[in-house]
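Participant: Structure file protein22.csv, CSV, C-alpha atoms, is pasted below:
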chain,number,residue,atom,x,y,z
A,1,MET,CA,-18.9,13.8,-45.7
A,2,GLU,CA,-21.7,11.3,-46.2
A,3,GLY,CA,-21.9,9.1,-49.3
A,4,GLN,CA,-18.2,8.7,-50.1
A,5,THR,CA,-16.8,5.3,-50.8
A,6,THR,CA,-13.9,3.7,-48.9
A,7,GLN,CA,-10.4,4.5,-50.3
A,8,LEU,CA,-7.2,3.1,-48.9
A,9,ALA,CA,-4.7,5.6,-47.5
A,10,ASP,CA,-1.8,3.6,-49.1
A,11,ALA,CA,-1.9,3.3,-52.9
A,12,ARG,CA,0.1,0.0,-52.7
A,13,PRO,CA,-1.1,-2.0,-49.6
A,14,LYS,CA,1.3,-4.6,-48.2
A,15,LEU,CA,0.9,-8.2,-47.1
A,16,ASP,CA,0.8,-8.9,-43.3
A,17,CYS,CA,0.3,-5.2,-42.5
A,18,PRO,CA,-2.7,-3.2,-41.2
A,19,LEU,CA,-4.8,-1.5,-43.8
A,20,ARG,CA,-5.7,2.1,-43.2
A,21,VAL,CA,-8.5,3.9,-45.0
A,22,ALA,CA,-8.4,7.5,-46.2
A,23,LEU,CA,-10.3,9.9,-44.1
A,24,PRO,CA,-13.4,11.4,-45.9
A,25,VAL,CA,-12.4,15.0,-44.8
A,26,ASN,CA,-9.9,17.6,-45.9
A,27,ALA,CA,-7.2,16.6,-43.4
A,28,PRO,CA,-3.4,17.0,-43.7
A,29,GLU,CA,-1.5,14.4,-45.8
A,30,ARG,CA,-0.2,11.3,-44.1
A,31,ASN,CA,3.5,10.5,-44.3
A,32,VAL,CA,4.1,8.4,-47.3
A,33,THR,CA,4.7,4.7,-46.4
A,34,SER,CA,8.3,3.8,-47.3
A,35,THR,CA,9.2,1.1,-49.7
A,36,LYS,CA,10.7,-2.1,-48.3
A,37,ASN,CA,14.1,-1.1,-49.8
A,38,GLN,CA,13.9,2.3,-48.1
A,39,PHE,CA,12.7,0.6,-44.8
A,40,ILE,CA,15.7,-1.7,-44.8
A,41,TYR,CA,18.0,1.3,-45.4
A,42,ASN,CA,16.5,3.4,-42.6
A,43,ASN,CA,16.6,0.5,-40.1
A,44,ALA,CA,19.9,-1.2,-41.0
A,45,PHE,CA,22.2,0.8,-43.3
A,46,SER,CA,21.5,4.5,-42.7
A,47,PRO,CA,23.9,6.5,-40.5
A,48,ASN,CA,21.3,6.9,-37.8
A,49,ALA,CA,20.6,3.1,-37.8
A,50,ILE,CA,24.4,2.4,-37.5
A,51,ALA,CA,24.7,4.9,-34.6
A,52,VAL,CA,21.7,3.3,-32.9
A,53,SER,CA,23.3,-0.2,-33.4
A,54,LYS,CA,26.5,1.0,-31.7
A,55,LYS,CA,24.6,2.4,-28.8
A,56,HIS,CA,22.7,-0.9,-28.4
A,57,HIS,CA,26.0,-2.9,-28.4
A,58,VAL,CA,27.3,-0.5,-25.7
A,59,ALA,CA,24.1,-1.0,-23.7
A,60,LEU,CA,24.5,-4.8,-23.9
A,61,SER,CA,28.2,-4.8,-23.0
A,62,SER,CA,27.7,-2.5,-20.0
A,63,ASN,CA,24.8,-4.6,-18.7
A,64,TYR,CA,26.3,-8.0,-19.5
A,65,ALA,CA,25.9,-9.2,-16.0
A,66,GLU,CA,22.2,-8.7,-16.2
A,67,LEU,CA,21.7,-10.8,-19.3
A,68,THR,CA,20.8,-14.5,-18.7
A,69,PHE,CA,20.1,-15.8,-22.2
A,70,LEU,CA,18.4,-19.0,-20.9
A,71,ASN,CA,15.8,-16.9,-19.0
A,72,THR,CA,13.8,-14.7,-21.3
A,73,SER,CA,11.9,-13.2,-18.4
A,74,GLU,CA,15.0,-11.3,-17.3
A,75,LYS,CA,15.0,-7.6,-18.1
A,76,THR,CA,17.4,-6.7,-20.9
A,77,PRO,CA,18.7,-3.3,-21.9
A,78,SER,CA,16.2,-1.5,-24.0
A,79,VAL,CA,17.0,-1.0,-27.7
A,80,PRO,CA,17.4,2.7,-28.7
A,81,SER,CA,14.8,4.0,-31.1
A,82,VAL,CA,15.8,3.8,-34.8
A,83,ALA,CA,13.5,6.6,-35.8
A,84,PRO,CA,15.6,9.7,-36.5
A,85,VAL,CA,14.8,12.9,-34.6
A,86,ASN,CA,13.3,15.4,-37.1
A,87,MET,CA,13.8,18.9,-35.8
A,88,ASP,CA,13.1,20.7,-39.1
A,89,HIS,CA,9.3,20.6,-38.8
A,90,ASP,CA,8.9,20.6,-35.0
A,91,ALA,CA,7.8,24.2,-34.8
A,92,LEU,CA,5.4,23.7,-37.7
A,93,ILE,CA,3.9,20.6,-36.1
A,94,LYS,CA,3.3,22.4,-32.8
A,95,THR,CA,1.7,25.3,-34.6
A,96,ALA,CA,-0.6,23.0,-36.6
A,97,ILE,CA,-1.7,21.1,-33.5
A,98,ARG,CA,-2.4,24.4,-31.7
A,99,ASP,CA,-4.3,25.8,-34.8
A,100,PHE,CA,-6.5,22.7,-35.2
A,101,SER,CA,-7.2,22.5,-31.4
A,102,VAL,CA,-8.4,26.1,-31.5
A,103,LEU,CA,-10.5,25.4,-34.6
A,104,ALA,CA,-12.1,22.4,-32.9
A,105,LEU,CA,-13.0,24.5,-29.8
A,106,SER,CA,-14.3,27.5,-31.8
A,107,SER,CA,-16.4,25.2,-34.1
A,108,LYS,CA,-17.9,23.5,-31.1
A,109,ARG,CA,-19.0,26.8,-29.6
A,110,ALA,CA,-20.4,27.8,-33.0
A,111,GLY,CA,-22.2,24.5,-33.4
A,112,ASN,CA,-20.4,23.7,-36.7
A,113,LYS,CA,-20.0,20.0,-36.2
A,114,ASP,CA,-18.6,19.3,-39.7
A,115,VAL,CA,-15.6,21.7,-39.2
A,116,GLU,CA,-15.2,20.4,-35.6
A,117,ALA,CA,-15.0,16.8,-37.0
A,118,THR,CA,-12.4,17.8,-39.6
A,119,ALA,CA,-10.3,19.5,-36.9
A,120,TYR,CA,-10.2,16.4,-34.7
A,121,ALA,CA,-9.5,14.1,-37.7
A,122,SER,CA,-6.6,16.4,-38.7
A,123,LEU,CA,-5.2,16.3,-35.2
A,124,GLY,CA,-5.3,12.5,-35.4
A,125,VAL,CA,-3.3,12.5,-38.7
A,126,ILE,CA,-0.7,14.9,-37.4
A,127,HIS,CA,-0.2,12.7,-34.3
A,128,ASP,CA,0.0,9.6,-36.5
A,129,ASN,CA,2.7,11.2,-38.6
A,130,GLN,CA,4.8,11.7,-35.4
A,131,GLN,CA,4.0,8.1,-34.3
A,132,HIS,CA,2.2,9.4,-31.2
A,133,TYR,CA,-0.5,6.8,-31.5
A,134,LEU,CA,-2.2,7.3,-28.1
A,135,GLU,CA,-2.7,11.0,-28.7
A,136,ALA,CA,-4.0,10.2,-32.2
A,137,ILE,CA,-6.5,7.7,-30.8
A,138,GLU,CA,-8.0,10.4,-28.5
A,139,SER,CA,-8.5,12.7,-31.4
A,140,TYR,CA,-10.0,10.0,-33.5
A,141,LYS,CA,-12.4,9.1,-30.7
A,142,LEU,CA,-13.7,12.7,-30.7
A,143,TYR,CA,-14.0,12.5,-34.4
A,144,LEU,CA,-16.0,9.3,-34.1
A,145,GLN,CA,-18.3,10.8,-31.5
A,146,ILE,CA,-19.2,13.7,-33.8
A,147,CYS,CA,-19.7,11.4,-36.8
A,148,GLU,CA,-22.1,9.3,-34.8
A,149,ASP,CA,-24.0,12.4,-33.7
A,150,ILE,CA,-24.4,13.6,-37.3
A,151,LYS,CA,-25.2,10.1,-38.7
A,152,ASP,CA,-22.1,10.0,-40.9
A,153,ALA,CA,-21.5,6.3,-41.5
A,154,THR,CA,-18.5,6.8,-43.8
A,155,GLY,CA,-16.8,9.0,-41.2
A,156,SER,CA,-17.7,6.6,-38.4
A,157,ALA,CA,-16.2,3.7,-40.3
A,158,ALA,CA,-13.0,5.6,-41.1
A,159,ALA,CA,-12.6,6.7,-37.4
A,160,CYS,CA,-13.1,3.1,-36.2
A,161,ASN,CA,-10.5,2.0,-38.7
A,162,CYS,CA,-8.0,4.6,-37.6
A,163,ILE,CA,-8.4,3.8,-33.9
A,164,GLY,CA,-8.1,0.0,-34.6
A,165,VAL,CA,-5.0,0.4,-36.7
A,166,ASN,CA,-3.3,2.6,-34.1
A,167,TYR,CA,-4.0,0.0,-31.4
A,168,MET,CA,-2.4,-2.6,-33.7
A,169,LEU,CA,0.6,-0.4,-34.1
A,170,LEU,CA,0.9,0.1,-30.4
A,171,ALA,CA,0.9,-3.7,-29.9
A,172,ASN,CA,3.3,-4.3,-32.9
A,173,PRO,CA,5.2,-1.3,-34.1
A,174,PRO,CA,6.1,-1.3,-37.9
A,175,SER,CA,8.9,-3.7,-38.5
A,176,ASP,CA,10.4,-6.0,-41.2
A,177,ALA,CA,8.9,-9.0,-39.4
A,178,GLY,CA,5.3,-8.1,-40.1
A,179,CYS,CA,2.3,-8.8,-37.8
A,180,LEU,CA,2.2,-12.6,-37.4
A,181,HIS,CA,5.9,-13.1,-36.6
A,182,GLY,CA,6.7,-9.7,-35.2
A,183,VAL,CA,4.3,-9.4,-32.3
A,184,LYS,CA,5.2,-10.2,-28.7
A,185,LEU,CA,2.1,-11.1,-26.7
A,186,THR,CA,2.7,-9.2,-23.4
A,187,PRO,CA,-0.4,-8.5,-21.3
A,188,GLU,CA,-0.3,-4.8,-22.5
A,189,ASN,CA,0.0,-5.8,-26.2
A,190,THR,CA,-2.8,-8.3,-25.8
A,191,GLN,CA,-5.0,-5.6,-24.3
A,192,TYR,CA,-4.2,-3.3,-27.3
A,193,LEU,CA,-5.1,-6.0,-29.8
A,194,GLU,CA,-8.4,-6.8,-28.0
A,195,LYS,CA,-9.3,-3.1,-28.3
A,196,ALA,CA,-8.3,-3.2,-32.0
A,197,VAL,CA,-10.6,-6.1,-32.5
A,198,THR,CA,-13.4,-4.2,-30.9
A,199,TYR,CA,-13.0,-1.2,-33.2
A,200,HIS,CA,-12.4,-3.3,-36.4
A,201,SER,CA,-15.5,-5.3,-35.6
A,202,LYS,CA,-17.4,-2.0,-35.3
A,203,HIS,CA,-16.0,-0.9,-38.6
A,204,LEU,CA,-17.2,-4.2,-40.2
A,205,GLU,CA,-20.6,-3.8,-38.6
A,206,ILE,CA,-21.0,-0.3,-40.0
A,207,GLY,CA,-19.7,-1.6,-43.4
A,208,PRO,CA,-20.5,1.4,-45.6
A,209,ASP,CA,-19.4,-0.4,-48.7
A,210,ALA,CA,-17.5,-3.5,-50.0
A,211,GLY,CA,-14.1,-1.8,-49.7
A,212,GLY,CA,-14.7,-1.0,-46.1
A,213,ARG,CA,-15.8,-4.6,-45.4
A,214,PHE,CA,-12.6,-5.9,-47.1
A,215,VAL,CA,-10.4,-3.7,-45.0
A,216,ALA,CA,-12.2,-4.5,-41.7
A,217,ASN,CA,-12.0,-8.3,-42.4
A,218,THR,CA,-8.3,-8.1,-43.3
A,219,ASN,CA,-7.5,-6.1,-40.1
A,220,LEU,CA,-9.6,-8.4,-38.0
A,221,GLY,CA,-7.8,-11.4,-39.5
A,222,LEU,CA,-4.4,-9.8,-38.6
A,223,CYS,CA,-5.5,-9.0,-35.0
A,224,LEU,CA,-6.9,-12.5,-34.4
A,225,GLY,CA,-3.8,-14.1,-35.9
A,226,MET,CA,-1.6,-12.1,-33.6
A,227,LEU,CA,-3.8,-13.3,-30.7
A,228,ASP,CA,-3.2,-16.9,-31.8
A,229,ASN,CA,-6.9,-17.4,-32.8
A,230,VAL,CA,-5.9,-18.9,-36.1
A,231,ASN,CA,-9.3,-20.3,-37.1
A,232,GLN,CA,-11.2,-17.1,-36.6
A,233,SER,CA,-8.4,-15.2,-38.3
A,234,ALA,CA,-8.6,-17.5,-41.4
A,235,LYS,CA,-12.4,-17.0,-41.5
A,236,HIS,CA,-12.0,-13.2,-41.7
A,237,HIS,CA,-9.3,-13.5,-44.4
A,238,GLN,CA,-11.6,-15.8,-46.4
A,239,ASP,CA,-14.4,-13.3,-46.1
A,240,GLY,CA,-12.0,-10.6,-47.2
A,241,LEU,CA,-11.0,-12.7,-50.2
A,242,ARG,CA,-14.7,-13.2,-51.2
A,243,VAL,CA,-15.3,-9.4,-51.1
A,244,ALA,CA,-12.1,-8.8,-53.1
A,245,ILE,CA,-13.2,-11.3,-55.8
A,246,LYS,CA,-16.6,-9.6,-56.1
A,247,MET,CA,-14.8,-6.2,-56.3
A,248,GLN,CA,-12.4,-7.6,-58.9
A,249,THR,CA,-9.5,-6.0,-57.2
A,250,LEU,CA,-6.2,-7.9,-57.7
A,251,TYR,CA,-4.5,-6.1,-54.9
A,252,GLY,CA,-7.2,-7.2,-52.5
A,253,GLN,CA,-7.1,-10.8,-53.7
A,254,SER,CA,-3.3,-10.9,-53.5
A,255,ILE,CA,-3.3,-9.6,-49.9
A,256,ALA,CA,-6.1,-12.0,-48.8
A,257,VAL,CA,-4.5,-15.2,-50.3
A,258,GLY,CA,-1.1,-14.1,-49.0
A,259,ASN,CA,-2.4,-13.6,-45.5
A,260,LEU,CA,-4.1,-17.0,-45.7
A,261,GLY,CA,-0.8,-18.6,-46.7
A,262,MET,CA,1.0,-17.1,-43.8
A,263,LEU,CA,-1.7,-18.5,-41.4
A,264,ALA,CA,-1.2,-21.9,-43.1
A,265,MET,CA,2.5,-21.6,-42.4
A,266,VAL,CA,1.8,-21.0,-38.7
A,267,LYS,CA,-0.3,-24.1,-38.7
A,268,ARG,CA,2.4,-26.0,-40.6
A,269,ASP,CA,-0.1,-26.8,-43.3
A,270,PHE,CA,2.6,-26.5,-46.0
A,271,SER,CA,0.4,-27.7,-48.9
A,272,THR,CA,-2.2,-25.0,-48.3
A,273,ALA,CA,0.5,-22.4,-47.8
A,274,ARG,CA,2.2,-23.2,-51.1
A,275,THR,CA,-1.1,-23.0,-53.0
A,276,CYS,CA,-1.8,-19.6,-51.4
A,277,PHE,CA,1.8,-18.3,-52.1
A,278,ASP,CA,1.7,-19.5,-55.7
A,279,GLN,CA,-1.6,-17.6,-56.2
A,280,HIS,CA,-0.2,-14.6,-54.4
A,281,LEU,CA,2.8,-14.6,-56.7
A,282,GLN,CA,0.7,-14.8,-59.9
A,283,LEU,CA,-1.5,-11.9,-58.7
A,284,VAL,CA,1.4,-9.5,-57.9
A,285,GLN,CA,3.1,-10.4,-61.2
A,286,ALA,CA,-0.2,-9.4,-63.0
A,287,LEU,CA,-0.1,-6.1,-61.0
A,288,ILE,CA,3.5,-5.5,-62.2
A,289,ASP,CA,4.6,-4.7,-58.6
A,290,PRO,CA,8.3,-5.6,-58.4
A,291,GLU,CA,8.5,-4.9,-54.6
A,292,ALA,CA,5.6,-7.2,-53.9
A,293,GLU,CA,7.0,-9.8,-56.3
A,294,ILE,CA,10.3,-9.9,-54.4
A,295,GLU,CA,8.4,-10.5,-51.2
A,296,ALA,CA,6.4,-13.2,-52.8
A,297,TRP,CA,9.6,-15.1,-53.9
A,298,LYS,CA,11.0,-14.7,-50.4
A,299,LEU,CA,7.8,-16.1,-48.9
A,300,LEU,CA,8.2,-19.2,-51.2
A,301,ALA,CA,11.8,-19.5,-50.2
A,302,SER,CA,10.8,-19.4,-46.5
A,303,LEU,CA,8.2,-22.1,-47.1
A,304,SER,CA,10.7,-24.3,-49.0
A,305,THR,CA,13.2,-23.8,-46.1
A,306,ALA,CA,10.6,-24.9,-43.6
A,307,GLN,CA,10.0,-28.0,-45.6
A,308,GLU,CA,13.8,-28.5,-45.9
A,309,HIS,CA,13.7,-28.2,-49.7
A,310,HIS,CA,16.8,-26.0,-49.7
A,311,ALA,CA,17.4,-26.2,-53.5
A,312,GLU,CA,13.9,-24.9,-54.1
A,313,ALA,CA,14.5,-22.1,-51.5
A,314,LEU,CA,17.7,-21.1,-53.3
A,315,GLU,CA,15.9,-21.0,-56.7
A,316,SER,CA,13.2,-18.7,-55.2
A,317,LEU,CA,15.8,-16.4,-53.7
A,318,GLU,CA,17.7,-16.2,-57.0
A,319,GLN,CA,14.5,-15.1,-58.6
A,320,ALA,CA,14.1,-12.4,-55.9
A,321,ARG,CA,17.8,-11.3,-56.4
A,322,ARG,CA,17.3,-10.9,-60.2
A,323,ILE,CA,14.3,-8.6,-59.7
A,324,ALA,CA,16.1,-6.6,-56.9
A,325,GLU,CA,19.1,-6.1,-59.2
A,326,ARG,CA,16.9,-5.1,-62.2
A,327,GLU,CA,14.9,-2.6,-60.1
A,328,GLY,CA,18.0,-1.1,-58.4
A,329,HIS,CA,16.8,-2.1,-54.9
A,330,ARG,CA,20.3,-2.2,-53.4
A,331,ASN,CA,19.4,-2.5,-49.8
A,332,GLU,CA,16.9,-5.3,-50.5
A,333,LEU,CA,19.6,-7.0,-52.5
A,334,ARG,CA,22.0,-7.0,-49.6
A,335,ARG,CA,19.5,-8.9,-47.5
A,336,ILE,CA,18.7,-11.3,-50.3
A,337,ASN,CA,22.4,-12.1,-50.8
A,338,CYS,CA,22.6,-12.9,-47.1
A,339,LEU,CA,19.7,-15.3,-47.3
A,340,ILE,CA,21.3,-16.9,-50.4
A,341,GLY,CA,24.5,-17.4,-48.5
A,342,VAL,CA,22.6,-19.0,-45.6
A,343,SER,CA,20.8,-21.3,-48.0
A,344,LYS,CA,24.0,-22.3,-49.8
A,345,GLY,CA,25.8,-22.9,-46.5
A,346,THR,CA,22.9,-25.1,-45.3
A,347,MET,CA,23.0,-27.2,-48.4
A,348,GLU,CA,26.8,-27.6,-48.2
A,349,PHE,CA,26.6,-28.5,-44.5
A,350,ILE,CA,23.9,-31.2,-45.2
A,351,SER,CA,26.1,-32.6,-48.1
A,352,PHE,CA,29.1,-32.7,-45.7
A,353,THR,CA,27.2,-34.4,-42.9
A,354,GLU,CA,25.7,-37.0,-45.3
A,355,ALA,CA,29.2,-37.7,-46.8
A,356,GLY,CA,30.6,-38.1,-43.3
A,357,ALA,CA,27.8,-40.5,-42.3
A,358,SER,CA,28.4,-42.6,-45.5
A,359,PHE,CA,32.1,-42.7,-44.7
A,360,SER,CA,31.5,-43.8,-41.1
A,361,ASP,CA,29.1,-46.5,-42.2
A,362,GLY,CA,31.6,-47.9,-44.7
A,363,PHE,CA,34.6,-47.7,-42.4
A,364,GLN,CA,35.7,-51.1,-41.1
A,365,TYR,CA,37.5,-51.4,-37.7
Write out the structure in this file as structure tokens.
Facilitator:
Amino acid sequence: MEGQTTQLADARPKLDCPLRVALPVNAPERNVTSTKNQFIYNNAFSPNAIAVSKKHHVALSSNYAELTFLNTSEKTPSVPSVAPVNMDHDALIKTAIRDFSVLALSSKRAGNKDVEATAYASLGVIHDNQQHYLEAIESYKLYLQICEDIKDATGSAAACNCIGVNYMLLANPPSDAGCLHGVKLTPENTQYLEKAVTYHSKHLEIGPDAGGRFVANTNLGLCLGMLDNVNQSAKHHQDGLRVAIKMQTLYGQSIAVGNLGMLAMVKRDFSTARTCFDQHLQLVQALIDPEAEIEAWKLLASLSTAQEHHAEALESLEQARRIAEREGHRNELRRINCLIGVSKGTMEFISFTEAGASFSDGFQY
């Protein structure tokens, strides 16, 4: 296991999302990360998502008396899970968990630490695939302990990464909002993020190679950004950008500058944000990644809207719409069309109010 270089688990890493490294052992395959188009379908337009939405409306209507919209501390009905129940592989998963648990125990008795480490890492991946992040963390901690015993720096770094990412997912489950805008800082989530910072810091300290340092810096930047520590977050993203430039990886550079742009948006430093988003767009265009380019245009539209430059926002959304049409991303196209409608409506409303104000100023009593 020693001597391998860091590889990302996702072939196309995404902006404002945790980066997970591939485990340096022969573990089961991870579930493939869905595209943005597929993610929107699963969570908004699929039969399961529609059924969940109806259940949520029923929950809201039956508990209307409990809802006080001016007091966010009031407890509101919980939103049903959007994740579909997958019964097809339930028996296979239980069998795999039992088999790897037995393998781990038998390898421990035999003193075969390499096989024991592989068994615990495999258990972690299986639990990850079921989104059972706490159970996965326990398996990865056992994997980390063995890697430290046998002086496997690459394995230790991967284990720290997996544990840190899982704590991030516990604090902020995967959503369309991303990390910075999607997290809700409850005491429990804050604790999860602080634990994530601990393990990502350990990953950075181990730093087996440049790829590992880039991943650790990126994840630390995301965690600290979610904890509202914007300055330290920016420092880690800048460190990640320097590493990516040295590695000559366009994906790494695009992620780093994009994350810096999102931090600048939070600070309302719109000039820096635009510089970063323009650079991010150029990089994803060079990579010929249509999905990432759509997101880049939407980021520029969001920035223009924040600056109240609605014509520029509409132009960016039209660019995103053309790419979504060309690539056949129908679910993404639905969302973009909604954003275009909002942008046009805002422009018409501003024109109407300005015309009304001019009429009032010129009216003589």
Participant: With distances taken over all atoms listed in the file, which residue among A:Asn112, A:Gln232, A:Thr95, A:Ser122 lies nearest Glu29 in chain A?
Facilitator: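 The closest residue to Glu29 in chain A is A:Ser122.
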Participant: With only C-alpha atoms as the basis for distance, which of A:Cys223, A:Ala264, A:Ala119, A:Leu339 is at the shortest distance from Val102 in chain A?
Facilitator: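 Among the listed residues, the smallest separation from Val102 in chain A belongs to A:Ala119.
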Participant: Go through A:Ala153, A:Ile340, A:Thr190, A:Gly221 and flag the residue nearest Asp209 in chain A, using only C-alpha atoms for the distances.
Facilitator: A:Ala153
Participant: If we count all atoms listed in the file and set the cut-off at 12 Å, which residues sit around Ile150 in chain A, ignoring sequence neighbours fewer than 6 positions away in its own chain? Please answer as number ranges by chain.
Facilitator: A: 1-2, 111-114, 116-117, 143-144, 156
Participant: Expressed in Å to a single decimal, how great is the separation between CA of Asn161 in chain A and CA of Leu105 in chain A?
Facilitator: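 Taking CA of Asn161 in chain A as the start and CA of Leu105 in chain A as the end point, the length is 24.3 Å.
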Participant: Which of these residues is nearest to Leu263 in chain A, using all atoms listed in the file: A:Lys94, A:Lys108, A:His309, A:His236?
Facilitator: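 Among the listed residues, A:His236 lies closest to Leu263 in chain A.
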Participant: Choose the residue, out of A:Ala158, A:Met247, A:Ala313, A:Ala306, that has the smallest atom-to-atom separation from Asp269 in chain A; count only C-alpha atoms.
Facilitator: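 For Asp269 in chain A, the nearest of the given residues is A:Ala306.
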Participant: Which is closest to Glu148 in chain A among A:Ile206, A:Ile288, A:Leu185, A:Leu193, if we use all atoms listed in the file?
Facilitator: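 Of all the options, A:Ile206 lies closest to Glu148 in chain A.
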Participant: Residues near Ser233 in chain A, anyone? I mean within 12 Å using all atoms listed in the file, not counting same-chain ones fewer than 3 positions away, as a VMD selection string.
Facilitator: chain A and resid 180 197 216 to 230 236 to 240 256 259 to 264 266
Participant: Could you pull range 314-363 of chain A out of the structure just shown and give C-alpha atoms as an mmCIF file, in the first residue's frame?
Facilitator:
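Once written, part-v8.cif looks like this:
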data_model
loop_
_atom_site.group_PDB
_atom_site.id
_atom_site.type_symbol
_atom_site.label_atom_id
_atom_site.label_comp_id
_atom_site.auth_asym_id
_atom_site.auth_seq_id
_atom_site.Cartn_x
_atom_site.Cartn_y
_atom_site.Cartn_z
ATOM 1 C CA LEU A 314 -29.723 37.471 -18.183
ATOM 2 C CA GLU A 315 -26.923 37.263 -20.772
ATOM 3 C CA SER A 316 -25.000 34.749 -18.608
ATOM 4 C CA LEU A 317 -28.124 32.643 -18.082
ATOM 5 C CA GLU A 318 -28.772 32.603 -21.837
ATOM 6 C CA GLN A 319 -25.241 31.255 -22.329
ATOM 7 C CA ALA A 320 -25.964 28.518 -19.770
ATOM 8 C CA ARG A 321 -29.297 27.751 -21.478
ATOM 9 C CA ARG A 322 -27.652 27.297 -24.880
ATOM 10 C CA ILE A 323 -25.120 24.822 -23.470
ATOM 11 C CA ALA A 324 -27.817 22.877 -21.590
ATOM 12 C CA GLU A 325 -29.914 22.639 -24.777
ATOM 13 C CA ARG A 326 -26.928 21.535 -26.847
ATOM 14 C CA GLU A 327 -25.925 18.836 -24.343
ATOM 15 C CA GLY A 328 -29.479 17.596 -23.751
ATOM 16 C CA HIS A 329 -29.499 18.477 -20.037
ATOM 17 C CA ARG A 330 -33.281 18.803 -19.862
ATOM 18 C CA ASN A 331 -33.613 18.970 -16.088
ATOM 19 C CA GLU A 332 -30.895 21.594 -15.810
ATOM 20 C CA LEU A 333 -32.635 23.478 -18.628
ATOM 21 C CA ARG A 334 -35.875 23.611 -16.638
ATOM 22 C CA ARG A 335 -34.104 25.287 -13.743
ATOM 23 C CA ILE A 336 -32.220 27.724 -15.992
ATOM 24 C CA ASN A 337 -35.485 28.719 -17.697
ATOM 25 C CA CYS A 338 -36.941 29.492 -14.271
ATOM 26 C CA LEU A 339 -33.937 31.688 -13.464
ATOM 27 C CA ILE A 340 -34.293 33.448 -16.827
ATOM 28 C CA GLY A 341 -37.960 34.116 -16.053
ATOM 29 C CA VAL A 342 -37.066 35.586 -12.674
ATOM 30 C CA SER A 343 -34.381 37.770 -14.245
ATOM 31 C CA LYS A 344 -36.712 39.068 -16.968
ATOM 32 C CA GLY A 345 -39.462 39.684 -14.431
ATOM 33 C CA THR A 346 -37.082 41.672 -12.243
ATOM 34 C CA MET A 347 -35.983 43.816 -15.185
ATOM 35 C CA GLU A 348 -39.589 44.491 -16.203
ATOM 36 C CA PHE A 349 -40.551 45.348 -12.617
ATOM 37 C CA ILE A 350 -37.652 47.817 -12.336
ATOM 38 C CA SER A 351 -38.650 49.428 -15.657
ATOM 39 C CA PHE A 352 -42.262 49.666 -14.490
ATOM 40 C CA THR A 353 -41.364 51.268 -11.148
ATOM 41 C CA GLU A 354 -38.978 53.727 -12.830
ATOM 42 C CA ALA A 355 -41.672 54.687 -15.350
ATOM 43 C CA GLY A 356 -44.163 55.123 -12.513
ATOM 44 C CA ALA A 357 -41.732 57.312 -10.587
ATOM 45 C CA SER A 358 -41.126 59.500 -13.675
ATOM 46 C CA PHE A 359 -44.873 59.861 -14.203
ATOM 47 C CA SER A 360 -45.386 60.861 -10.547
ATOM 48 C CA ASP A 361 -42.577 63.436 -10.709
ATOM 49 C CA GLY A 362 -44.031 65.016 -13.843
ATOM 50 C CA PHE A 363 -47.648 65.027 -12.680
#
